[in-house]
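J.: Enclosed is the structure file upload_38.cif (mmCIF, C-alpha atoms).
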```
data_work
loop_
_atom_site.group_PDB
_atom_site.id
_atom_site.type_symbol
_atom_site.label_atom_id
_atom_site.label_comp_id
_atom_site.auth_asym_id
_atom_site.auth_seq_id
_atom_site.Cartn_x
_atom_site.Cartn_y
_atom_site.Cartn_z
ATOM 1 C CA MET A 1 2.694 -128.295 41.861
ATOM 2 C CA ALA A 2 3.385 -126.326 45.017
ATOM 3 C CA THR A 3 1.549 -125.475 48.188
ATOM 4 C CA ALA A 4 -0.484 -122.305 47.637
ATOM 5 C CA ASN A 5 1.199 -119.084 48.766
ATOM 6 C CA GLY A 6 -2.024 -117.073 48.973
ATOM 7 C CA SER A 7 -0.846 -114.626 46.312
ATOM 8 C CA PRO A 8 -3.351 -112.748 44.114
ATOM 9 C CA ARG A 9 -2.302 -114.751 41.043
ATOM 10 C CA ALA A 10 -2.643 -118.075 42.874
ATOM 11 C CA ARG A 11 -6.172 -117.139 43.944
ATOM 12 C CA ALA A 12 -7.022 -115.974 40.421
ATOM 13 C CA LEU A 13 -5.745 -119.240 38.922
ATOM 14 C CA ALA A 14 -7.824 -121.352 41.314
ATOM 15 C CA ALA A 15 -10.924 -119.302 40.558
ATOM 16 C CA ALA A 16 -10.347 -119.456 36.789
ATOM 17 C CA LEU A 17 -9.964 -123.243 36.757
ATOM 18 C CA ARG A 18 -13.045 -123.698 38.913
ATOM 19 C CA GLN A 19 -15.040 -121.388 36.643
ATOM 20 C CA ALA A 20 -13.814 -123.156 33.494
ATOM 21 C CA ARG A 21 -15.115 -126.467 34.842
ATOM 22 C CA ASN A 22 -18.453 -124.972 35.904
ATOM 23 C CA ASP A 23 -18.860 -123.348 32.489
ATOM 24 C CA ARG A 24 -18.604 -126.801 30.901
ATOM 25 C CA GLY A 25 -21.154 -128.290 33.294
ATOM 26 C CA ILE A 26 -18.736 -130.987 34.432
ATOM 27 C CA SER A 27 -18.553 -132.138 38.040
ATOM 28 C CA ALA A 28 -15.278 -132.273 39.936
ATOM 29 C CA ARG A 29 -15.580 -136.054 40.088
ATOM 30 C CA GLN A 30 -16.031 -136.329 36.308
ATOM 31 C CA LEU A 31 -13.036 -134.099 35.631
ATOM 32 C CA ALA A 32 -10.836 -135.950 38.111
ATOM 33 C CA ASN A 33 -11.737 -139.225 36.395
ATOM 34 C CA LYS A 34 -10.878 -137.751 32.984
ATOM 35 C CA LEU A 35 -7.508 -136.625 34.287
ATOM 36 C CA SER A 36 -6.891 -139.836 36.277
ATOM 37 C CA ILE A 37 -6.103 -137.815 39.381
ATOM 38 C CA ASP A 38 -7.491 -137.881 42.897
ATOM 39 C CA GLN A 39 -10.615 -135.758 43.336
ATOM 40 C CA ALA A 40 -9.209 -134.378 46.598
ATOM 41 C CA LEU A 41 -6.179 -133.022 44.694
ATOM 42 C CA LEU A 42 -8.444 -131.350 42.144
ATOM 43 C CA SER A 43 -10.426 -129.820 44.998
ATOM 44 C CA ARG A 44 -7.249 -128.393 46.528
ATOM 45 C CA ILE A 45 -6.319 -126.898 43.153
ATOM 46 C CA GLU A 46 -9.739 -125.300 42.690
ATOM 47 C CA THR A 47 -9.809 -123.887 46.216
ATOM 48 C CA GLY A 48 -6.296 -122.487 45.966
ATOM 49 C CA LYS A 49 -4.726 -124.809 48.511
ATOM 50 C CA ARG A 50 -2.405 -126.126 45.781
ATOM 51 C CA ILE A 51 -0.966 -124.179 42.852
ATOM 52 C CA ALA A 52 -1.326 -125.980 39.543
ATOM 53 C CA ASP A 53 1.810 -125.723 37.413
ATOM 54 C CA VAL A 54 1.573 -124.876 33.715
ATOM 55 C CA GLU A 55 1.504 -128.538 32.624
ATOM 56 C CA THR A 56 -1.294 -129.449 35.048
ATOM 57 C CA THR A 57 -3.232 -126.329 34.085
ATOM 58 C CA ALA A 58 -2.934 -127.216 30.407
ATOM 59 C CA ARG A 59 -4.125 -130.783 31.093
ATOM 60 C CA ILE A 60 -7.171 -129.514 32.973
ATOM 61 C CA LEU A 61 -8.082 -127.011 30.263
ATOM 62 C CA GLY A 62 -7.522 -129.613 27.536
ATOM 63 C CA ALA A 63 -9.801 -132.093 29.286
ATOM 64 C CA LEU A 64 -12.458 -129.399 29.552
ATOM 65 C CA GLY A 65 -12.136 -128.388 25.910
ATOM 66 C CA THR A 66 -11.717 -124.757 26.921
ATOM 67 C CA ALA A 67 -11.547 -122.260 24.032
ATOM 68 C CA SER A 68 -8.027 -121.280 22.943
ATOM 69 C CA ALA A 69 -8.277 -117.613 23.944
ATOM 70 C CA GLU A 70 -9.461 -118.517 27.439
ATOM 71 C CA CYS A 71 -6.793 -121.224 27.671
ATOM 72 C CA GLU A 72 -4.069 -118.721 26.931
ATOM 73 C CA ARG A 73 -5.436 -116.266 29.493
ATOM 74 C CA ILE A 74 -5.471 -118.904 32.241
ATOM 75 C CA LEU A 75 -2.107 -120.375 31.233
ATOM 76 C CA ASP A 76 -0.581 -116.916 31.472
ATOM 77 C CA ILE A 77 -1.781 -116.701 35.075
ATOM 78 C CA ALA A 78 -0.323 -120.165 35.757
ATOM 79 C CA ARG A 79 3.090 -119.186 34.352
ATOM 80 C CA HIS A 80 3.404 -116.474 36.975
ATOM 81 C CA ALA A 81 1.299 -117.927 39.793
ATOM 82 C CA ASN A 82 4.194 -118.029 42.257
ATOM 83 C CA GLU A 83 5.171 -114.388 41.728
ATOM 84 C CA PRO A 84 4.063 -112.228 44.676
ATOM 85 C CA ASN A 85 3.427 -108.783 43.171
ATOM 86 C CA TRP A 86 1.273 -108.319 40.085
ATOM 87 C CA LEU A 87 1.252 -105.301 37.771
ATOM 88 C CA THR A 88 -0.744 -105.013 34.565
ATOM 89 C CA THR A 89 -1.052 -102.140 32.143
ATOM 90 C CA GLY A 90 -3.476 -101.759 29.266
ATOM 91 C CA VAL A 91 -6.971 -103.097 28.826
ATOM 92 C CA PRO A 92 -5.941 -106.713 27.929
ATOM 93 C CA GLY A 93 -4.519 -107.235 31.414
ATOM 94 C CA ILE A 94 -7.581 -106.058 33.293
ATOM 95 C CA PRO A 95 -9.697 -109.284 33.051
ATOM 96 C CA GLN A 96 -6.911 -111.268 34.739
ATOM 97 C CA GLN A 97 -6.645 -108.706 37.534
ATOM 98 C CA LEU A 98 -10.424 -108.629 37.875
ATOM 99 C CA ALA A 99 -10.310 -112.379 38.490
ATOM 100 C CA GLY A 100 -7.679 -111.766 41.150
ATOM 101 C CA ALA A 101 -9.780 -109.071 42.804
ATOM 102 C CA VAL A 102 -12.921 -111.219 42.806
ATOM 103 C CA ALA A 103 -11.029 -114.175 44.272
ATOM 104 C CA SER A 104 -9.474 -111.912 46.903
ATOM 105 C CA GLU A 105 -12.875 -110.531 47.891
ATOM 106 C CA ARG A 106 -14.277 -114.038 48.205
ATOM 107 C CA ASP A 107 -11.400 -115.352 50.339
ATOM 108 C CA ALA A 108 -10.765 -112.302 52.538
ATOM 109 C CA SER A 109 -11.774 -112.110 56.174
ATOM 110 C CA VAL A 110 -11.464 -108.310 56.238
ATOM 111 C CA ILE A 111 -11.497 -105.773 53.394
ATOM 112 C CA MET A 112 -10.427 -102.182 54.053
ATOM 113 C CA GLU A 113 -10.906 -99.665 51.247
ATOM 114 C CA TRP A 114 -10.234 -95.997 50.588
ATOM 115 C CA SER A 115 -12.286 -94.525 47.733
ATOM 116 C CA PRO A 116 -11.915 -90.756 47.402
ATOM 117 C CA MET A 117 -13.781 -89.977 44.177
ATOM 118 C CA ILE A 118 -16.394 -92.669 43.553
ATOM 119 C CA ILE A 119 -18.751 -94.930 45.492
ATOM 120 C CA PRO A 120 -16.825 -98.189 46.135
ATOM 121 C CA GLY A 121 -17.728 -101.002 43.757
ATOM 122 C CA LEU A 122 -19.066 -103.343 46.434
ATOM 123 C CA LEU A 123 -21.602 -100.683 47.455
ATOM 124 C CA GLN A 124 -22.691 -99.530 43.992
ATOM 125 C CA THR A 125 -26.303 -99.903 42.874
ATOM 126 C CA ASN A 126 -27.078 -101.362 39.458
ATOM 127 C CA ASP A 127 -27.933 -97.960 37.983
ATOM 128 C CA TYR A 128 -24.726 -96.471 39.357
ATOM 129 C CA VAL A 129 -22.727 -99.245 37.663
ATOM 130 C CA ARG A 130 -24.632 -98.517 34.438
ATOM 131 C CA GLY A 131 -23.878 -94.813 34.761
ATOM 132 C CA VAL A 132 -20.141 -95.444 35.061
ATOM 133 C CA ALA A 133 -20.048 -97.939 32.174
ATOM 134 C CA GLN A 134 -22.184 -95.783 29.876
ATOM 135 C CA ALA A 135 -20.093 -92.692 30.562
ATOM 136 C CA ASP A 136 -17.010 -94.739 29.629
ATOM 137 C CA GLY A 137 -18.563 -95.561 26.255
ATOM 138 C CA HIS A 138 -19.194 -99.293 26.718
ATOM 139 C CA PRO A 139 -21.778 -100.925 24.398
ATOM 140 C CA LYS A 140 -25.119 -101.915 25.885
ATOM 141 C CA HIS A 141 -24.382 -105.653 26.141
ATOM 142 C CA ASP A 142 -21.116 -104.924 27.948
ATOM 143 C CA VAL A 143 -22.863 -102.514 30.321
ATOM 144 C CA GLU A 144 -25.330 -105.194 31.419
ATOM 145 C CA SER A 145 -22.525 -107.734 31.748
ATOM 146 C CA ARG A 146 -20.740 -105.369 34.109
ATOM 147 C CA VAL A 147 -23.904 -104.964 36.152
ATOM 148 C CA MET A 148 -24.255 -108.741 36.527
ATOM 149 C CA VAL A 149 -20.626 -109.102 37.626
ATOM 150 C CA ARG A 150 -21.031 -106.322 40.170
ATOM 151 C CA VAL A 151 -24.209 -107.875 41.596
ATOM 152 C CA SER A 152 -22.458 -111.215 42.063
ATOM 153 C CA ARG A 153 -19.500 -109.532 43.783
ATOM 154 C CA ARG A 154 -21.772 -107.844 46.340
ATOM 155 C CA GLU A 155 -22.849 -111.233 47.694
ATOM 156 C CA ILE A 156 -19.721 -111.478 49.851
ATOM 157 C CA LEU A 157 -21.233 -108.784 52.088
ATOM 158 C CA THR A 158 -24.526 -110.576 52.717
ATOM 159 C CA LYS A 159 -23.642 -114.276 52.633
ATOM 160 C CA ARG A 160 -23.452 -116.430 55.743
ATOM 161 C CA ASN A 161 -20.284 -115.454 57.636
ATOM 162 C CA PRO A 162 -19.786 -112.367 55.465
ATOM 163 C CA VAL A 163 -16.525 -110.502 55.056
ATOM 164 C CA HIS A 164 -15.961 -107.563 57.398
ATOM 165 C CA TYR A 165 -15.867 -104.461 55.195
ATOM 166 C CA GLU A 166 -14.409 -101.183 56.422
ATOM 167 C CA VAL A 167 -14.659 -98.417 53.855
ATOM 168 C CA LEU A 168 -13.546 -94.788 53.871
ATOM 169 C CA VAL A 169 -15.264 -92.663 51.217
ATOM 170 C CA GLY A 170 -14.360 -89.151 50.149
ATOM 171 C CA ASP A 171 -17.047 -86.497 50.432
ATOM 172 C CA VAL A 172 -16.549 -85.855 46.711
ATOM 173 C CA ALA A 173 -17.866 -89.348 45.896
ATOM 174 C CA LEU A 174 -21.234 -88.427 47.422
ATOM 175 C CA ARG A 175 -21.500 -85.279 45.315
ATOM 176 C CA GLN A 176 -20.058 -86.619 42.065
ATOM 177 C CA GLN A 177 -22.955 -86.914 39.597
ATOM 178 C CA ILE A 178 -23.017 -90.436 38.123
ATOM 179 C CA GLY A 179 -26.079 -90.979 35.937
ATOM 180 C CA SER A 180 -29.269 -89.095 36.697
ATOM 181 C CA ASN A 181 -30.360 -87.400 39.909
ATOM 182 C CA VAL A 182 -32.741 -90.308 40.416
ATOM 183 C CA ALA A 183 -29.850 -92.771 40.184
ATOM 184 C CA MET A 184 -27.713 -90.733 42.593
ATOM 185 C CA ILE A 185 -30.479 -90.377 45.168
ATOM 186 C CA ASP A 186 -31.173 -94.106 44.952
ATOM 187 C CA GLN A 187 -27.440 -94.785 45.364
ATOM 188 C CA LEU A 188 -27.105 -92.622 48.465
ATOM 189 C CA ARG A 189 -30.302 -94.014 49.969
ATOM 190 C CA TYR A 190 -28.930 -97.493 49.302
ATOM 191 C CA LEU A 191 -25.778 -96.663 51.283
ATOM 192 C CA ILE A 192 -27.856 -95.570 54.252
ATOM 193 C CA LYS A 193 -30.112 -98.629 54.130
ATOM 194 C CA PHE A 194 -27.369 -101.173 53.444
ATOM 195 C CA CYS A 195 -25.144 -99.980 56.269
ATOM 196 C CA ALA A 196 -28.088 -100.025 58.675
ATOM 197 C CA GLU A 197 -28.966 -103.605 57.749
ATOM 198 C CA ASN A 198 -25.449 -105.097 57.642
ATOM 199 C CA SER A 199 -23.379 -104.789 60.807
ATOM 200 C CA ASN A 200 -20.306 -106.202 59.030
ATOM 201 C CA VAL A 201 -20.117 -103.026 56.912
ATOM 202 C CA THR A 202 -18.625 -99.866 58.392
ATOM 203 C CA LEU A 203 -18.747 -96.745 56.211
ATOM 204 C CA ARG A 204 -17.098 -93.469 57.185
ATOM 205 C CA VAL A 205 -16.969 -90.298 55.101
ATOM 206 C CA VAL A 206 -13.874 -88.119 54.869
ATOM 207 C CA PRO A 207 -14.949 -84.469 54.437
ATOM 208 C CA ILE A 208 -13.321 -82.196 51.876
ATOM 209 C CA ARG A 209 -10.912 -79.437 52.937
ATOM 210 C CA THR A 210 -9.076 -81.690 55.392
ATOM 211 C CA GLY A 211 -5.677 -80.789 53.996
ATOM 212 C CA TRP A 212 -3.073 -83.337 52.924
ATOM 213 C CA HIS A 213 -3.296 -86.953 54.039
ATOM 214 C CA PRO A 214 -1.986 -90.205 52.478
ATOM 215 C CA GLY A 215 -5.271 -90.765 50.692
ATOM 216 C CA THR A 216 -4.645 -87.807 48.383
ATOM 217 C CA ALA A 217 -2.337 -90.152 46.437
ATOM 218 C CA GLY A 218 -5.322 -92.209 45.257
ATOM 219 C CA PRO A 219 -7.626 -95.153 46.034
ATOM 220 C CA PHE A 220 -6.568 -98.585 47.264
ATOM 221 C CA VAL A 221 -7.899 -101.743 48.908
ATOM 222 C CA LEU A 222 -6.247 -103.829 51.632
ATOM 223 C CA TYR A 223 -7.248 -107.497 51.899
ATOM 224 C CA GLU A 224 -6.680 -109.542 55.055
ATOM 225 C CA PHE A 225 -6.952 -113.350 55.160
ATOM 226 C CA SER A 226 -7.245 -115.874 57.943
ATOM 227 C CA ASP A 227 -4.835 -118.260 56.184
ATOM 228 C CA ALA A 228 -2.379 -116.010 54.309
ATOM 229 C CA PRO A 229 -0.548 -112.671 54.560
ATOM 230 C CA PRO A 230 -2.444 -109.495 53.593
ATOM 231 C CA TYR A 231 -1.858 -107.511 50.415
ATOM 232 C CA VAL A 232 -2.912 -104.275 48.733
ATOM 233 C CA HIS A 233 -4.681 -103.721 45.415
ATOM 234 C CA PHE A 234 -4.670 -100.552 43.324
ATOM 235 C CA GLU A 235 -6.974 -100.148 40.347
ATOM 236 C CA HIS A 236 -6.815 -97.226 37.950
ATOM 237 C CA TYR A 237 -8.277 -96.545 34.528
ATOM 238 C CA SER A 238 -6.201 -98.950 32.403
ATOM 239 C CA SER A 239 -3.725 -100.393 34.870
ATOM 240 C CA SER A 240 -3.757 -102.062 38.246
ATOM 241 C CA ALA A 241 -1.428 -103.761 40.685
ATOM 242 C CA PHE A 242 -1.344 -106.129 43.634
ATOM 243 C CA VAL A 243 1.432 -105.446 46.163
ATOM 244 C CA THR A 244 2.350 -108.106 48.715
ATOM 245 C CA ASP A 245 5.593 -106.801 50.264
ATOM 246 C CA SER A 246 5.016 -106.665 54.018
ATOM 247 C CA ASP A 247 6.641 -103.244 54.435
ATOM 248 C CA ASP A 248 4.414 -101.771 51.736
ATOM 249 C CA VAL A 249 1.323 -103.394 53.236
ATOM 250 C CA ASP A 250 2.205 -101.969 56.657
ATOM 251 C CA ALA A 251 2.618 -98.524 55.088
ATOM 252 C CA TYR A 252 -0.855 -98.689 53.579
ATOM 253 C CA ARG A 253 -2.348 -99.945 56.816
ATOM 254 C CA LYS A 254 -0.814 -96.904 58.507
ATOM 255 C CA ALA A 255 -2.216 -94.732 55.696
ATOM 256 C CA LEU A 256 -5.715 -96.063 56.418
ATOM 257 C CA ASP A 257 -5.273 -95.158 60.068
ATOM 258 C CA MET A 258 -4.170 -91.648 59.131
ATOM 259 C CA ILE A 259 -7.070 -91.150 56.707
ATOM 260 C CA GLY A 260 -9.406 -92.476 59.380
ATOM 261 C CA GLU A 261 -8.345 -89.694 61.717
ATOM 262 C CA TYR A 262 -10.080 -87.246 59.375
ATOM 263 C CA ALA A 263 -13.190 -89.392 58.854
ATOM 264 C CA LEU A 264 -16.546 -88.785 60.468
ATOM 265 C CA SER A 265 -18.049 -91.419 62.743
ATOM 266 C CA PRO A 266 -20.375 -93.951 61.079
ATOM 267 C CA SER A 267 -23.492 -92.194 62.437
ATOM 268 C CA LYS A 268 -22.315 -88.728 61.371
ATOM 269 C CA SER A 269 -21.360 -90.152 57.992
ATOM 270 C CA ILE A 270 -24.915 -91.398 57.479
ATOM 271 C CA ASP A 271 -26.218 -87.965 58.500
ATOM 272 C CA LEU A 272 -23.923 -86.346 55.919
ATOM 273 C CA ILE A 273 -25.135 -88.721 53.205
ATOM 274 C CA ALA A 274 -28.754 -87.812 53.998
ATOM 275 C CA GLN A 275 -27.844 -84.125 53.973
ATOM 276 C CA THR A 276 -26.067 -84.528 50.615
ATOM 277 C CA ILE A 277 -29.195 -86.019 49.065
ATOM 278 C CA VAL A 278 -31.076 -82.822 49.883
ATOM 279 C CA GLU A 279 -28.317 -80.324 49.116
ATOM 280 C CA GLU A 280 -26.788 -81.800 45.972
ATOM 281 C CA HIS A 281 -29.230 -84.096 44.225
ATOM 282 C CA GLN A 282 -32.694 -82.878 45.144
ATOM 283 C CA LYS A 283 -32.379 -79.441 43.599
ATOM 284 C CA ASP A 284 -33.340 -80.286 39.995
ATOM 285 C CA GLU A 285 -35.895 -82.994 40.800
ATOM 286 C CA PRO A 286 -37.344 -82.302 44.281
ATOM 287 C CA GLU A 287 -40.346 -84.532 43.665
ATOM 288 C CA ILE A 288 -38.036 -87.575 43.925
ATOM 289 C CA LEU A 289 -37.939 -87.157 47.680
ATOM 290 C CA ALA A 290 -41.714 -86.860 48.066
#
```
Before we go any further, please render this structure as structure tokens.
T.:
Amino acid sequence: MATANGSPRARALAAALRQARNDRGISARQLANKLSIDQALLSRIETGKRIADVETTARILGALGTASAECERILDIARHANEPNWLTTGVPGIPQQLAGAVASERDASVIMEWSPMIIPGLLQTNDYVRGVAQADGHPKHDVESRVMVRVSRREILTKRNPVHYEVLVGDVALRQQIGSNVAMIDQLRYLIKFCAENSNVTLRVVPIRTGWHPGTAGPFVLYEFSDAPPYVHFEHYSSSAFVTDSDDVDAYRKALDMIGEYALSPSKSIDLIAQTIVEEHQKDEPEILA
């Protein structure tokens, strides 16, 4: 085992092992006794302060009686836990990256996000999540599973000592119809209300027709940590990547600054969201606003 390097994979591995134990309803003390290891060591593994090697990971999963498919998924993370960057392509790789994203959100001190075409995931309402999943053809049980995951991820914004979230949203995301008009109006109202109630969240809208800026290349998220170097995450339809190289991270930090130069102030952004409700989503169902 090695000291944790704060990489996305290392965080994902810690989260996966912790979740595997919780799923079995076994306490950390019970598992440590089964493995004949110190409980403090197990705690460091599950909190990402130590990286479990493949052998230790296999021992933990074996003691828990974890199903073979889940074992292989977690072991694959362990095999590459010390690698800094992380690229996956194709649907099978997405669950591993999702674990990395969730762990990054939980551990971050600051999250900065650029989302040009869609409302950012951490600010999506349940019906908005359903609208996205249904449009993508997911079965009903999977849709509701996605809603539950999204709800749990939002808790990082409202917990005690919440993460500081700075988000830049493209004007298009406000006007893009996801689900019904009712769902869109509820989503935009939620943005207004949530930002007003949570001072740790700063939302700024980038208007259309601004010309070229770095954000035209696509969405990305930058995570900062109090105990590890920052890194960037990209997520697209069937592929995603974590990038940890310091020069690349600095480039994306600069990109956020450049995009921010085109963004409205937080107060003007809220005014634009309210205006968009009336102009774009009220027209077919005006009684919604009554």
J.: Evaluate the PyMOL selection byres ((chain A and resi 129) around 12) and record the selected residues as a PyMOL selection string, following the chain and residue labels used in the document.
T.: chain A and resi 118-128+130-136+138+142-151+178-179+183-184+187
J.: Could you check which of A:Trp114, A:Tyr165, A:Tyr190, A:Phe220 is closest to Ile270 in chain A, using only C-alpha atoms?
T.: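 Of A:Trp114, A:Tyr165, A:Tyr190, A:Phe220, the one nearest Ile270 in chain A, counting only C-alpha atoms, is A:Tyr190.
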J.: Could you check how far CA of Leu264 in chain A sits from CA of Phe242 in chain A, in Å to one decimal?
T.: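 Between these atoms lies a distance of 28.6 Å.
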J.: Restricting the calculation to only C-alpha atoms, which member of A:Ile277, A:Ile208, A:Leu75, A:Ala81 is positioned closest to Gly6 in chain A?
T.: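 Counting only C-alpha atoms, the residue closest to Gly6 in chain A is A:Ala81.
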J.: For the PyMOL selection byres ((chain A and resi 228-233) around 8), applied here, can you spell out every residue it catches as a ChimeraX atom specification?
T.: /A:5-6,101,220-227,234-235,240-246,249,252
J.: Which protein, DNA or RNA residues are at most 12 Å from (-22.6, -104.4, 56.9) in the file's coordinates when you count all atoms listed in the file, listed as number ranges by chain?
T.: A: 110-111, 122-123, 154-159, 161-167, 191-203, 266
J.: Just the number, please: distance in Å from CA of Ala67 in chain A to CA of Gln39 in chain A, one decimal.
T.: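 Rounded to one decimal, the two atoms are 23.6 Å apart.
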J.: Specify as an MDAnalysis selection string each residue included when the PyMOL selection byres ((chain A and resi 13-20) around 9) is applied to this file.
T.: chainID A and resid 8:12 21:25 28 44:52 57 60:61 64 66 70 74:75 77:78 81 99:100 102:103
J.: Under the rule that only C-alpha atoms are counted, which of A:Asn181, A:Ser104, A:Thr210, A:Gln176 is the nearest residue to Ile259 in chain A?
T.: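 The answer is A:Thr210, which sits nearest to Ile259 in chain A.
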J.: In Å, how far is it from CA of Ala251 in chain A to CA of Met117 in chain A?
T.: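 Rounded to one decimal, the two atoms are 21.5 Å apart.
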J.: Of the candidates A:Met112, A:Ser238, A:Gln177, A:Val182, which shows the shortest atom-to-atom distance to Asp257 in chain A, using only C-alpha atoms?
T.: A:Met112
J.: Write out as a ChimeraX atom specification which residues come within 9 Å of Ala255 in chain A when counting only C-alpha atoms, dropping same-chain ones fewer than 4 positions away.
T.: /A:213-215,250-251,259-260
J.: For Trp212 in chain A, which residue among A:Val169, A:Tyr262, A:Leu174, A:Lys254 is the nearest when counting only C-alpha atoms?
T.: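 Distance minimum relative to Trp212 in chain A lands on A:Tyr262.
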J.: A:Leu272, A:Leu98, A:Ala58, A:Glu72: which is nearest Arg153 in chain A, counting all atoms listed in the file?
T.: A:Leu98
J.: Please list as a PDB file with C-alpha atoms, in the coordinates of the input every residue within 8 Å of Asp171 in chain A, counting all atoms listed in the file and excluding residues in the same chain fewer than 4 positions away.
T.:
```
ATOM      1  CA  PRO A 116     -11.915 -90.756  47.402  1.00  0.00           C
ATOM      2  CA  MET A 117     -13.781 -89.977  44.177  1.00  0.00           C
ATOM      3  CA  ARG A 175     -21.500 -85.279  45.315  1.00  0.00           C
ATOM      4  CA  VAL A 205     -16.969 -90.298  55.101  1.00  0.00           C
ATOM      5  CA  VAL A 206     -13.874 -88.119  54.869  1.00  0.00           C
ATOM      6  CA  PRO A 207     -14.949 -84.469  54.437  1.00  0.00           C
ATOM      7  CA  ILE A 208     -13.321 -82.196  51.876  1.00  0.00           C
TER       8      ILE A 208
END
```
